[in-house]
$ cat protein.tsv   # TSV, N, CA and C atoms and all ligand atoms
chain	number	residue	atom	x	y	z
A	1	MET	N	175.19	52.01	204.03
A	1	MET	CA	173.89	52.29	203.44
A	1	MET	C	174.10	52.98	202.09
A	2	ASN	N	173.36	52.53	201.08
A	2	ASN	CA	173.42	53.19	199.77
A	2	ASN	C	172.05	53.05	199.09
A	3	ASP	N	171.94	53.61	197.87
A	3	ASP	CA	170.64	53.63	197.19
A	3	ASP	C	170.09	52.23	196.93
A	4	SER	N	170.97	51.24	196.85
A	4	SER	CA	170.50	49.88	196.58
A	4	SER	C	169.98	49.17	197.82
A	5	THR	N	170.39	49.65	198.99
A	5	THR	CA	169.99	48.95	200.22
A	5	THR	C	169.01	49.75	201.09
A	6	ALA	N	169.06	51.08	201.01
A	6	ALA	CA	168.21	51.91	201.87
A	6	ALA	C	166.79	51.99	201.31
A	7	THR	N	165.83	52.12	202.20
A	7	THR	CA	164.46	52.38	201.77
A	7	THR	C	164.15	53.85	202.05
A	8	VAL	N	163.08	54.34	201.45
A	8	VAL	CA	162.67	55.72	201.74
A	8	VAL	C	162.34	55.84	203.22
A	9	ALA	N	161.75	54.79	203.77
A	9	ALA	CA	161.43	54.80	205.21
A	9	ALA	C	162.70	54.93	206.05
A	10	ASP	N	163.77	54.25	205.65
A	10	ASP	CA	165.05	54.38	206.37
A	10	ASP	C	165.52	55.83	206.36
A	11	LEU	N	165.47	56.44	205.19
A	11	LEU	CA	165.96	57.82	205.04
A	11	LEU	C	165.08	58.79	205.84
A	12	LYS	N	163.76	58.58	205.77
A	12	LYS	CA	162.84	59.42	206.55
A	12	LYS	C	163.16	59.30	208.04
A	13	ARG	N	163.43	58.09	208.50
A	13	ARG	CA	163.72	57.86	209.92
A	13	ARG	C	165.01	58.58	210.34
A	14	ILE	N	166.03	58.53	209.51
A	14	ILE	CA	167.30	59.21	209.82
A	14	ILE	C	167.08	60.71	209.98
A	15	VAL	N	166.32	61.30	209.05
A	15	VAL	CA	166.06	62.74	209.11
A	15	VAL	C	165.20	63.07	210.33
A	16	GLN	N	164.17	62.25	210.58
A	16	GLN	CA	163.27	62.54	211.70
A	16	GLN	C	163.98	62.40	213.04
A	17	GLU	N	164.91	61.45	213.14
A	17	GLU	CA	165.69	61.31	214.37
A	17	GLU	C	166.53	62.56	214.61
A	18	PHE	N	167.15	63.04	213.56
A	18	PHE	CA	167.97	64.26	213.65
A	18	PHE	C	167.11	65.44	214.13
A	19	VAL	N	165.93	65.58	213.53
A	19	VAL	CA	165.02	66.67	213.87
A	19	VAL	C	164.52	66.52	215.31
A	20	SER	N	164.13	65.31	215.65
A	20	SER	CA	163.55	65.02	216.97
A	20	SER	C	164.57	65.23	218.10
A	21	GLU	N	165.81	64.77	217.90
A	21	GLU	CA	166.85	64.93	218.93
A	21	GLU	C	167.05	66.40	219.30
A	22	ARG	N	166.80	67.29	218.35
A	22	ARG	CA	166.99	68.73	218.56
A	22	ARG	C	165.69	69.46	218.88
A	23	LYS	N	164.61	68.70	218.94
A	23	LYS	CA	163.27	69.26	219.16
A	23	LYS	C	162.97	70.38	218.15
A	24	TRP	N	163.26	70.08	216.90
A	24	TRP	CA	163.06	71.06	215.83
A	24	TRP	C	161.72	70.90	215.13
A	25	GLU	N	160.88	69.98	215.58
A	25	GLU	CA	159.60	69.74	214.90
A	25	GLU	C	158.80	71.03	214.68
A	26	PRO	N	158.76	71.95	215.70
A	26	PRO	CA	157.96	73.18	215.48
A	26	PRO	C	158.44	74.01	214.28
A	27	PHE	N	159.72	73.88	213.95
A	27	PHE	CA	160.26	74.66	212.82
A	27	PHE	C	160.06	73.95	211.49
A	28	HIS	N	159.81	72.65	211.55
A	28	HIS	CA	159.66	71.86	210.32
A	28	HIS	C	158.21	71.84	209.87
A	29	ASP	N	157.66	73.04	209.62
A	29	ASP	CA	156.31	73.10	209.08
A	29	ASP	C	156.39	73.25	207.55
A	30	ALA	N	155.23	73.18	206.91
A	30	ALA	CA	155.20	73.15	205.44
A	30	ALA	C	155.83	74.41	204.83
A	31	LYS	N	155.59	75.57	205.43
A	31	LYS	CA	156.15	76.80	204.87
A	31	LYS	C	157.67	76.80	204.96
A	32	ASN	N	158.19	76.52	206.15
A	32	ASN	CA	159.64	76.54	206.33
A	32	ASN	C	160.34	75.49	205.48
A	33	LEU	N	159.73	74.30	205.39
A	33	LEU	CA	160.38	73.22	204.65
A	33	LEU	C	160.32	73.45	203.14
A	34	SER	N	159.19	73.96	202.64
A	34	SER	CA	159.13	74.22	201.19
A	34	SER	C	160.10	75.35	200.83
A	35	THR	N	160.23	76.33	201.72
A	35	THR	CA	161.21	77.41	201.50
A	35	THR	C	162.62	76.84	201.52
A	36	ALA	N	162.89	75.97	202.49
A	36	ALA	CA	164.23	75.38	202.60
A	36	ALA	C	164.57	74.55	201.36
A	37	ILE	N	163.60	73.84	200.80
A	37	ILE	CA	163.85	73.05	199.59
A	37	ILE	C	164.28	73.98	198.45
A	38	ALA	N	163.58	75.10	198.30
A	38	ALA	CA	163.90	76.05	197.23
A	38	ALA	C	165.28	76.67	197.44
A	39	ILE	N	165.59	77.02	198.68
A	39	ILE	CA	166.89	77.63	198.98
A	39	ILE	C	168.02	76.64	198.71
A	40	GLU	N	167.85	75.41	199.15
A	40	GLU	CA	168.88	74.40	198.92
A	40	GLU	C	169.03	74.10	197.42
A	41	ALA	N	167.90	74.14	196.69
A	41	ALA	CA	167.96	73.93	195.23
A	41	ALA	C	168.76	75.05	194.58
A	42	ALA	N	168.59	76.27	195.09
A	42	ALA	CA	169.37	77.41	194.56
A	42	ALA	C	170.85	77.23	194.88
A	43	GLU	N	171.15	76.71	196.07
A	43	GLU	CA	172.55	76.46	196.43
A	43	GLU	C	173.17	75.42	195.49
A	44	LEU	N	172.38	74.44	195.10
A	44	LEU	CA	172.86	73.45	194.13
A	44	LEU	C	173.12	74.12	192.77
A	45	MET	N	172.18	74.97	192.37
A	45	MET	CA	172.30	75.65	191.08
A	45	MET	C	173.52	76.55	191.01
A	46	GLU	N	173.92	77.11	192.16
A	46	GLU	CA	175.09	77.99	192.19
A	46	GLU	C	176.33	77.32	191.62
A	47	HIS	N	176.42	76.00	191.80
A	47	HIS	CA	177.60	75.27	191.32
A	47	HIS	C	177.69	75.24	189.80
A	48	PHE	N	176.56	75.52	189.13
A	48	PHE	CA	176.54	75.45	187.67
A	48	PHE	C	176.31	76.82	187.02
A	49	GLN	N	176.10	77.83	187.91
A	49	GLN	CA	175.85	79.17	187.41
A	49	GLN	C	177.04	79.64	186.57
A	50	TRP	N	176.78	80.16	185.42
A	50	TRP	CA	177.75	80.74	184.49
A	50	TRP	C	178.57	79.70	183.73
A	51	LEU	N	178.41	78.43	184.03
A	51	LEU	CA	179.15	77.43	183.26
A	51	LEU	C	178.50	77.29	181.89
A	52	ARG	N	179.33	77.11	180.86
A	52	ARG	CA	178.80	76.85	179.52
A	52	ARG	C	178.54	75.34	179.41
A	53	SER	N	177.64	74.97	178.51
A	53	SER	CA	177.25	73.57	178.35
A	53	SER	C	178.46	72.65	178.23
A	54	GLU	N	179.46	73.10	177.47
A	54	GLU	CA	180.64	72.24	177.23
A	54	GLU	C	181.50	72.08	178.49
A	55	GLU	N	181.28	72.94	179.49
A	55	GLU	CA	182.06	72.84	180.73
A	55	GLU	C	181.40	71.89	181.75
A	56	LEU	N	180.15	71.55	181.52
A	56	LEU	CA	179.41	70.75	182.50
A	56	LEU	C	180.00	69.36	182.77
A	57	PRO	N	180.43	68.62	181.73
A	57	PRO	CA	180.96	67.28	182.02
A	57	PRO	C	182.16	67.29	182.96
A	58	ALA	N	182.97	68.34	182.94
A	58	ALA	CA	184.18	68.40	183.77
A	58	ALA	C	183.85	68.50	185.26
A	59	VAL	N	182.64	68.96	185.56
A	59	VAL	CA	182.24	69.10	186.97
A	59	VAL	C	182.34	67.74	187.67
A	60	ARG	N	181.97	66.69	186.95
A	60	ARG	CA	182.01	65.34	187.55
A	60	ARG	C	183.41	64.90	187.92
A	61	ASP	N	184.41	65.47	187.29
A	61	ASP	CA	185.80	65.11	187.59
A	61	ASP	C	186.42	65.99	188.67
A	62	ASP	N	185.67	67.02	189.09
A	62	ASP	CA	186.16	67.96	190.10
A	62	ASP	C	185.73	67.45	191.49
A	63	LYS	N	186.68	66.82	192.18
A	63	LYS	CA	186.35	66.16	193.46
A	63	LYS	C	185.75	67.13	194.48
A	64	GLU	N	186.32	68.32	194.61
A	64	GLU	CA	185.85	69.29	195.60
A	64	GLU	C	184.44	69.78	195.25
A	65	ALA	N	184.23	70.07	193.97
A	65	ALA	CA	182.90	70.51	193.52
A	65	ALA	C	181.87	69.40	193.75
A	66	MET	N	182.24	68.16	193.44
A	66	MET	CA	181.31	67.04	193.60
A	66	MET	C	180.96	66.81	195.07
A	67	LYS	N	181.93	67.06	195.96
A	67	LYS	CA	181.68	66.92	197.39
A	67	LYS	C	180.61	67.93	197.83
A	68	GLU	N	180.74	69.17	197.35
A	68	GLU	CA	179.77	70.20	197.69
A	68	GLU	C	178.41	69.94	197.03
A	69	ILE	N	178.42	69.47	195.80
A	69	ILE	CA	177.18	69.16	195.08
A	69	ILE	C	176.42	68.04	195.78
A	70	ARG	N	177.16	67.01	196.21
A	70	ARG	CA	176.54	65.91	196.97
A	70	ARG	C	175.91	66.43	198.26
A	71	ALA	N	176.60	67.36	198.93
A	71	ALA	CA	176.08	67.91	200.19
A	71	ALA	C	174.79	68.72	199.93
A	72	GLU	N	174.77	69.50	198.87
A	72	GLU	CA	173.56	70.28	198.55
A	72	GLU	C	172.40	69.36	198.20
A	73	LEU	N	172.70	68.31	197.43
A	73	LEU	CA	171.65	67.35	197.07
A	73	LEU	C	171.12	66.65	198.32
A	74	ALA	N	172.02	66.36	199.25
A	74	ALA	CA	171.60	65.76	200.52
A	74	ALA	C	170.72	66.72	201.32
A	75	ASP	N	171.07	68.02	201.32
A	75	ASP	CA	170.24	69.03	202.00
A	75	ASP	C	168.83	69.03	201.41
A	76	ILE	N	168.75	69.06	200.08
A	76	ILE	CA	167.44	69.06	199.40
A	76	ILE	C	166.67	67.81	199.80
A	77	THR	N	167.33	66.67	199.73
A	77	THR	CA	166.68	65.39	200.03
A	77	THR	C	166.17	65.35	201.47
A	78	ALA	N	166.99	65.84	202.40
A	78	ALA	CA	166.58	65.85	203.81
A	78	ALA	C	165.32	66.69	204.00
A	79	PHE	N	165.28	67.86	203.35
A	79	PHE	CA	164.10	68.71	203.49
A	79	PHE	C	162.89	68.13	202.76
A	80	VAL	N	163.11	67.48	201.63
A	80	VAL	CA	162.01	66.81	200.92
A	80	VAL	C	161.42	65.70	201.80
A	81	LEU	N	162.31	64.92	202.41
A	81	LEU	CA	161.85	63.83	203.28
A	81	LEU	C	161.10	64.36	204.49
A	82	SER	N	161.60	65.44	205.08
A	82	SER	CA	160.94	66.02	206.24
A	82	SER	C	159.60	66.64	205.85
A	83	PHE	N	159.55	67.28	204.67
A	83	PHE	CA	158.30	67.85	204.17
A	83	PHE	C	157.25	66.74	204.00
A	84	ALA	N	157.68	65.64	203.39
A	84	ALA	CA	156.77	64.51	203.18
A	84	ALA	C	156.24	64.00	204.51
A	85	GLU	N	157.13	63.90	205.49
A	85	GLU	CA	156.75	63.42	206.82
A	85	GLU	C	155.74	64.38	207.47
A	86	THR	N	156.07	65.67	207.44
A	86	THR	CA	155.21	66.70	208.04
A	86	THR	C	153.82	66.72	207.41
A	87	MET	N	153.77	66.53	206.07
A	87	MET	CA	152.50	66.63	205.36
A	87	MET	C	151.80	65.28	205.21
A	88	GLY	N	152.41	64.22	205.73
A	88	GLY	CA	151.79	62.90	205.62
A	88	GLY	C	151.73	62.39	204.19
A	89	ILE	N	152.77	62.71	203.42
A	89	ILE	CA	152.81	62.32	202.01
A	89	ILE	C	153.70	61.08	201.85
A	90	ASP	N	153.17	60.07	201.16
A	90	ASP	CA	153.96	58.89	200.83
A	90	ASP	C	154.70	59.19	199.53
A	91	LEU	N	156.02	59.33	199.64
A	91	LEU	CA	156.83	59.76	198.50
A	91	LEU	C	156.82	58.76	197.35
A	92	SER	N	156.91	57.49	197.68
A	92	SER	CA	157.01	56.47	196.62
A	92	SER	C	155.76	56.44	195.76
A	93	SER	N	154.59	56.40	196.40
A	93	SER	CA	153.36	56.35	195.61
A	93	SER	C	153.12	57.67	194.88
A	94	SER	N	153.54	58.80	195.49
A	94	SER	CA	153.41	60.10	194.82
A	94	SER	C	154.26	60.15	193.56
A	95	LEU	N	155.49	59.64	193.66
A	95	LEU	CA	156.39	59.64	192.51
A	95	LEU	C	155.86	58.74	191.40
A	96	VAL	N	155.44	57.54	191.75
A	96	VAL	CA	154.94	56.59	190.75
A	96	VAL	C	153.71	57.16	190.06
A	97	GLU	N	152.80	57.75	190.86
A	97	GLU	CA	151.59	58.38	190.32
A	97	GLU	C	151.94	59.49	189.33
A	98	LYS	N	152.90	60.35	189.72
A	98	LYS	CA	153.27	61.48	188.86
A	98	LYS	C	153.96	61.02	187.59
A	99	MET	N	154.80	59.98	187.69
A	99	MET	CA	155.47	59.46	186.50
A	99	MET	C	154.46	58.85	185.53
A	100	LYS	N	153.41	58.23	186.06
A	100	LYS	CA	152.35	57.69	185.20
A	100	LYS	C	151.65	58.83	184.47
A	101	ARG	N	151.37	59.94	185.20
A	101	ARG	CA	150.73	61.10	184.56
A	101	ARG	C	151.65	61.72	183.53
A	102	ASN	N	152.97	61.77	183.84
A	102	ASN	CA	153.94	62.31	182.88
A	102	ASN	C	154.00	61.45	181.61
A	103	ALA	N	153.89	60.13	181.79
A	103	ALA	CA	153.94	59.22	180.64
A	103	ALA	C	152.76	59.46	179.70
A	104	ILE	N	151.62	59.83	180.28
A	104	ILE	CA	150.44	60.13	179.46
A	104	ILE	C	150.61	61.49	178.78
A	105	LYS	N	151.15	62.44	179.55
A	105	LYS	CA	151.36	63.80	179.03
A	105	LYS	C	152.44	63.84	177.95
A	106	TYR	N	153.46	63.00	178.10
A	106	TYR	CA	154.59	62.97	177.17
A	106	TYR	C	154.76	61.58	176.57
A	107	PRO	N	153.84	61.17	175.67
A	107	PRO	CA	153.95	59.82	175.10
A	107	PRO	C	155.25	59.67	174.30
A	108	VAL	N	155.85	58.49	174.39
A	108	VAL	CA	157.15	58.22	173.76
A	108	VAL	C	157.09	58.52	172.26
A	109	ASP	N	156.01	58.14	171.60
A	109	ASP	CA	155.97	58.31	170.13
A	109	ASP	C	155.99	59.78	169.72
A	110	ARG	N	155.59	60.69	170.60
A	110	ARG	CA	155.59	62.12	170.26
A	110	ARG	C	156.78	62.87	170.86
A	111	PHE	N	157.42	62.30	171.88
A	111	PHE	CA	158.47	63.04	172.57
A	111	PHE	C	159.82	62.33	172.59
A	112	LEU	N	160.01	61.35	171.74
A	112	LEU	CA	161.28	60.64	171.70
A	112	LEU	C	162.42	61.57	171.30
A	113	GLY	N	163.34	61.81	172.22
A	113	GLY	CA	164.50	62.65	171.93
A	113	GLY	C	164.19	64.14	171.87
A	114	ARG	N	162.98	64.54	172.23
A	114	ARG	CA	162.65	65.98	172.25
A	114	ARG	C	161.65	66.25	173.37
A	115	PHE	N	161.60	67.49	173.83
A	115	PHE	CA	160.73	67.81	174.95
A	115	PHE	C	159.66	68.83	174.60
A	116	ARG	N	159.58	69.24	173.34
A	116	ARG	CA	158.52	70.17	172.92
A	116	ARG	C	157.53	69.48	172.02
A	201	MG	MG	173.03	73.67	201.59
$ encode --input "protein.tsv" --output "structure tokens"
Amino acid sequence: MNDSTATVADLKRIVQEFVSERKWEPFHDAKNLSTAIAIEAAELMEHFQWLRSEELPAVRDDKEAMKEIRAELADITAFVLSFAETMGIDLSSSLVEKMKRNAIKYPVDRFLGRFR
């Protein structure tokens, strides 16, 4: 399974099976999951804390660091998927909707190569 073959529904099912097998549904409420997303995001950020901009590209060549970064990103993704499931949110349509709003907010002719 990879990004080219998996669907969001596949990923949601994998996470929900894991949660369900352990009867963890009562713990996967909106408060706990939104908190978990933030905590896992902080764990991801730890890998880049104190690095200077010029040191960032080397992270991709560090196999051990990349293994941990992938794991943190997977943690975030699992909690995002579970949050979406708990709240009845369709991730794909939410993302497309938000990107359309972002495109209006940040038109290419005004924001090409800059974010202010
Ligand atoms: Mg983690």
$ select_by_dssp --input "protein.tsv" --residues "chain A" --states "alpha helix (DSSP H)" --output "number ranges by chain"
A: 8-21, 30-46, 56-59, 63-87, 91-105, 108-111
$ residues_around --input "protein.tsv" --residues "Ser34 in chain A" --least-positions-apart "2" --cutoff "8 Å" --atoms "only C-alpha atoms" --output "JSON, numbers by chain"
{"A": [30, 31, 32, 36, 37, 38, 79, 80, 83]}
$ atom_distance --input "protein.tsv" --atom1 "atom N of Met45 in chain A" --atom2 "CA of Glu17 in chain A"
26.7 Å
$ residues_near_ligand --input "protein.tsv" --ligand "ligand MG 201 (chain A)" --cutoff "7 Å" --atoms "only N, CA and C atoms and all ligand atoms" --output "list in words"
Ile39, Glu40, Glu43, Leu44, Ala71, Glu72, Leu73, Asp75 and Ile76 of chain A
$ closest_residue --input "protein.tsv" --among "A:Arg60, A:His28, A:Lys12, A:Lys98" --to "Thr86 in chain A" --atoms "all atoms listed in the file"
A:His28
$ closest_residue --input "protein.tsv" --among "A:Val15, A:Asn2, A:Glu68, A:Asp29" --to "His47 in chain A" --atoms "all atoms listed in the file"
A:Glu68
$ atom_distance --input "protein.tsv" --atom1 "atom N of Leu81 in chain A" --atom2 "atom N of Ala41 in chain A"
12.2 Å
$ closest_residue --input "protein.tsv" --among "A:Pro26, A:Ser4, A:Leu33, A:Lys67" --to "Ser82 in chain A" --atoms "all atoms listed in the file"
A:Leu33
$ atom_distance --input "protein.tsv" --atom1 "atom C of Asp62 in chain A" --atom2 "CA of Glu46 in chain A"
15.0 Å
$ build_atoms --input "protein.tsv" --residues "range 89-100 of chain A" --atoms "all heavy atoms" --output "short mmCIF file (atom, residue, chain, number, x, y, z; two decimals), keeping the file's coordinate frame"
data_model
loop_
_atom_site.label_atom_id
_atom_site.label_comp_id
_atom_site.auth_asym_id
_atom_site.auth_seq_id
_atom_site.Cartn_x
_atom_site.Cartn_y
_atom_site.Cartn_z
N ILE A 89 152.77 62.71 203.42
CA ILE A 89 152.81 62.32 202.01
C ILE A 89 153.70 61.08 201.85
O ILE A 89 154.83 61.05 202.34
CB ILE A 89 153.36 63.47 201.14
CG1 ILE A 89 152.35 64.63 201.13
CG2 ILE A 89 153.68 63.00 199.73
CD1 ILE A 89 152.89 65.91 200.50
N ASP A 90 153.17 60.07 201.16
CA ASP A 90 153.96 58.89 200.83
C ASP A 90 154.70 59.19 199.53
O ASP A 90 154.09 59.35 198.47
CB ASP A 90 153.05 57.67 200.65
CG ASP A 90 153.85 56.42 200.37
OD1 ASP A 90 154.16 56.19 199.18
OD2 ASP A 90 154.18 55.70 201.32
N LEU A 91 156.02 59.33 199.64
CA LEU A 91 156.83 59.76 198.50
C LEU A 91 156.82 58.76 197.35
O LEU A 91 156.72 59.15 196.19
CB LEU A 91 158.28 59.98 198.94
CG LEU A 91 158.63 61.36 199.49
CD1 LEU A 91 160.08 61.37 199.94
CD2 LEU A 91 158.41 62.43 198.43
N SER A 92 156.91 57.49 197.68
CA SER A 92 157.01 56.47 196.62
C SER A 92 155.76 56.44 195.76
O SER A 92 155.84 56.48 194.52
CB SER A 92 157.26 55.09 197.24
OG SER A 92 158.46 55.13 197.97
N SER A 93 154.59 56.40 196.40
CA SER A 93 153.36 56.35 195.61
C SER A 93 153.12 57.67 194.88
O SER A 93 152.62 57.69 193.75
CB SER A 93 152.15 55.98 196.47
OG SER A 93 151.97 56.92 197.50
N SER A 94 153.54 58.80 195.49
CA SER A 94 153.41 60.10 194.82
C SER A 94 154.26 60.15 193.56
O SER A 94 153.82 60.63 192.51
CB SER A 94 153.86 61.23 195.75
OG SER A 94 153.07 61.26 196.90
N LEU A 95 155.49 59.64 193.66
CA LEU A 95 156.39 59.64 192.51
C LEU A 95 155.86 58.74 191.40
O LEU A 95 155.81 59.15 190.22
CB LEU A 95 157.80 59.19 192.92
CG LEU A 95 158.79 59.12 191.76
CD1 LEU A 95 159.17 60.51 191.26
CD2 LEU A 95 160.03 58.35 192.14
N VAL A 96 155.44 57.54 191.75
CA VAL A 96 154.94 56.59 190.75
C VAL A 96 153.71 57.16 190.06
O VAL A 96 153.59 57.12 188.83
CB VAL A 96 154.65 55.21 191.40
CG1 VAL A 96 153.90 54.30 190.44
CG2 VAL A 96 155.95 54.57 191.86
N GLU A 97 152.80 57.75 190.86
CA GLU A 97 151.59 58.38 190.32
C GLU A 97 151.94 59.49 189.33
O GLU A 97 151.38 59.58 188.24
CB GLU A 97 150.84 59.03 191.48
CG GLU A 97 149.39 58.68 191.63
CD GLU A 97 148.89 59.23 192.97
OE1 GLU A 97 148.70 60.46 193.07
OE2 GLU A 97 148.76 58.42 193.92
N LYS A 98 152.90 60.35 189.72
CA LYS A 98 153.27 61.48 188.86
C LYS A 98 153.96 61.02 187.59
O LYS A 98 153.74 61.58 186.51
CB LYS A 98 154.18 62.45 189.65
CG LYS A 98 154.49 63.74 188.92
CD LYS A 98 153.21 64.54 188.62
CE LYS A 98 153.49 65.97 188.19
NZ LYS A 98 154.00 66.11 186.84
N MET A 99 154.80 59.98 187.69
CA MET A 99 155.47 59.46 186.50
C MET A 99 154.46 58.85 185.53
O MET A 99 154.62 58.96 184.31
CB MET A 99 156.56 58.45 186.89
CG MET A 99 157.74 59.06 187.64
SD MET A 99 158.47 60.53 186.86
CE MET A 99 159.20 59.82 185.40
N LYS A 100 153.41 58.23 186.06
CA LYS A 100 152.35 57.69 185.20
C LYS A 100 151.65 58.83 184.47
O LYS A 100 151.36 58.73 183.28
CB LYS A 100 151.33 56.89 186.04
CG LYS A 100 151.80 55.50 186.40
CD LYS A 100 150.73 54.78 187.21
CE LYS A 100 151.26 53.45 187.73
NZ LYS A 100 150.36 52.86 188.74
#
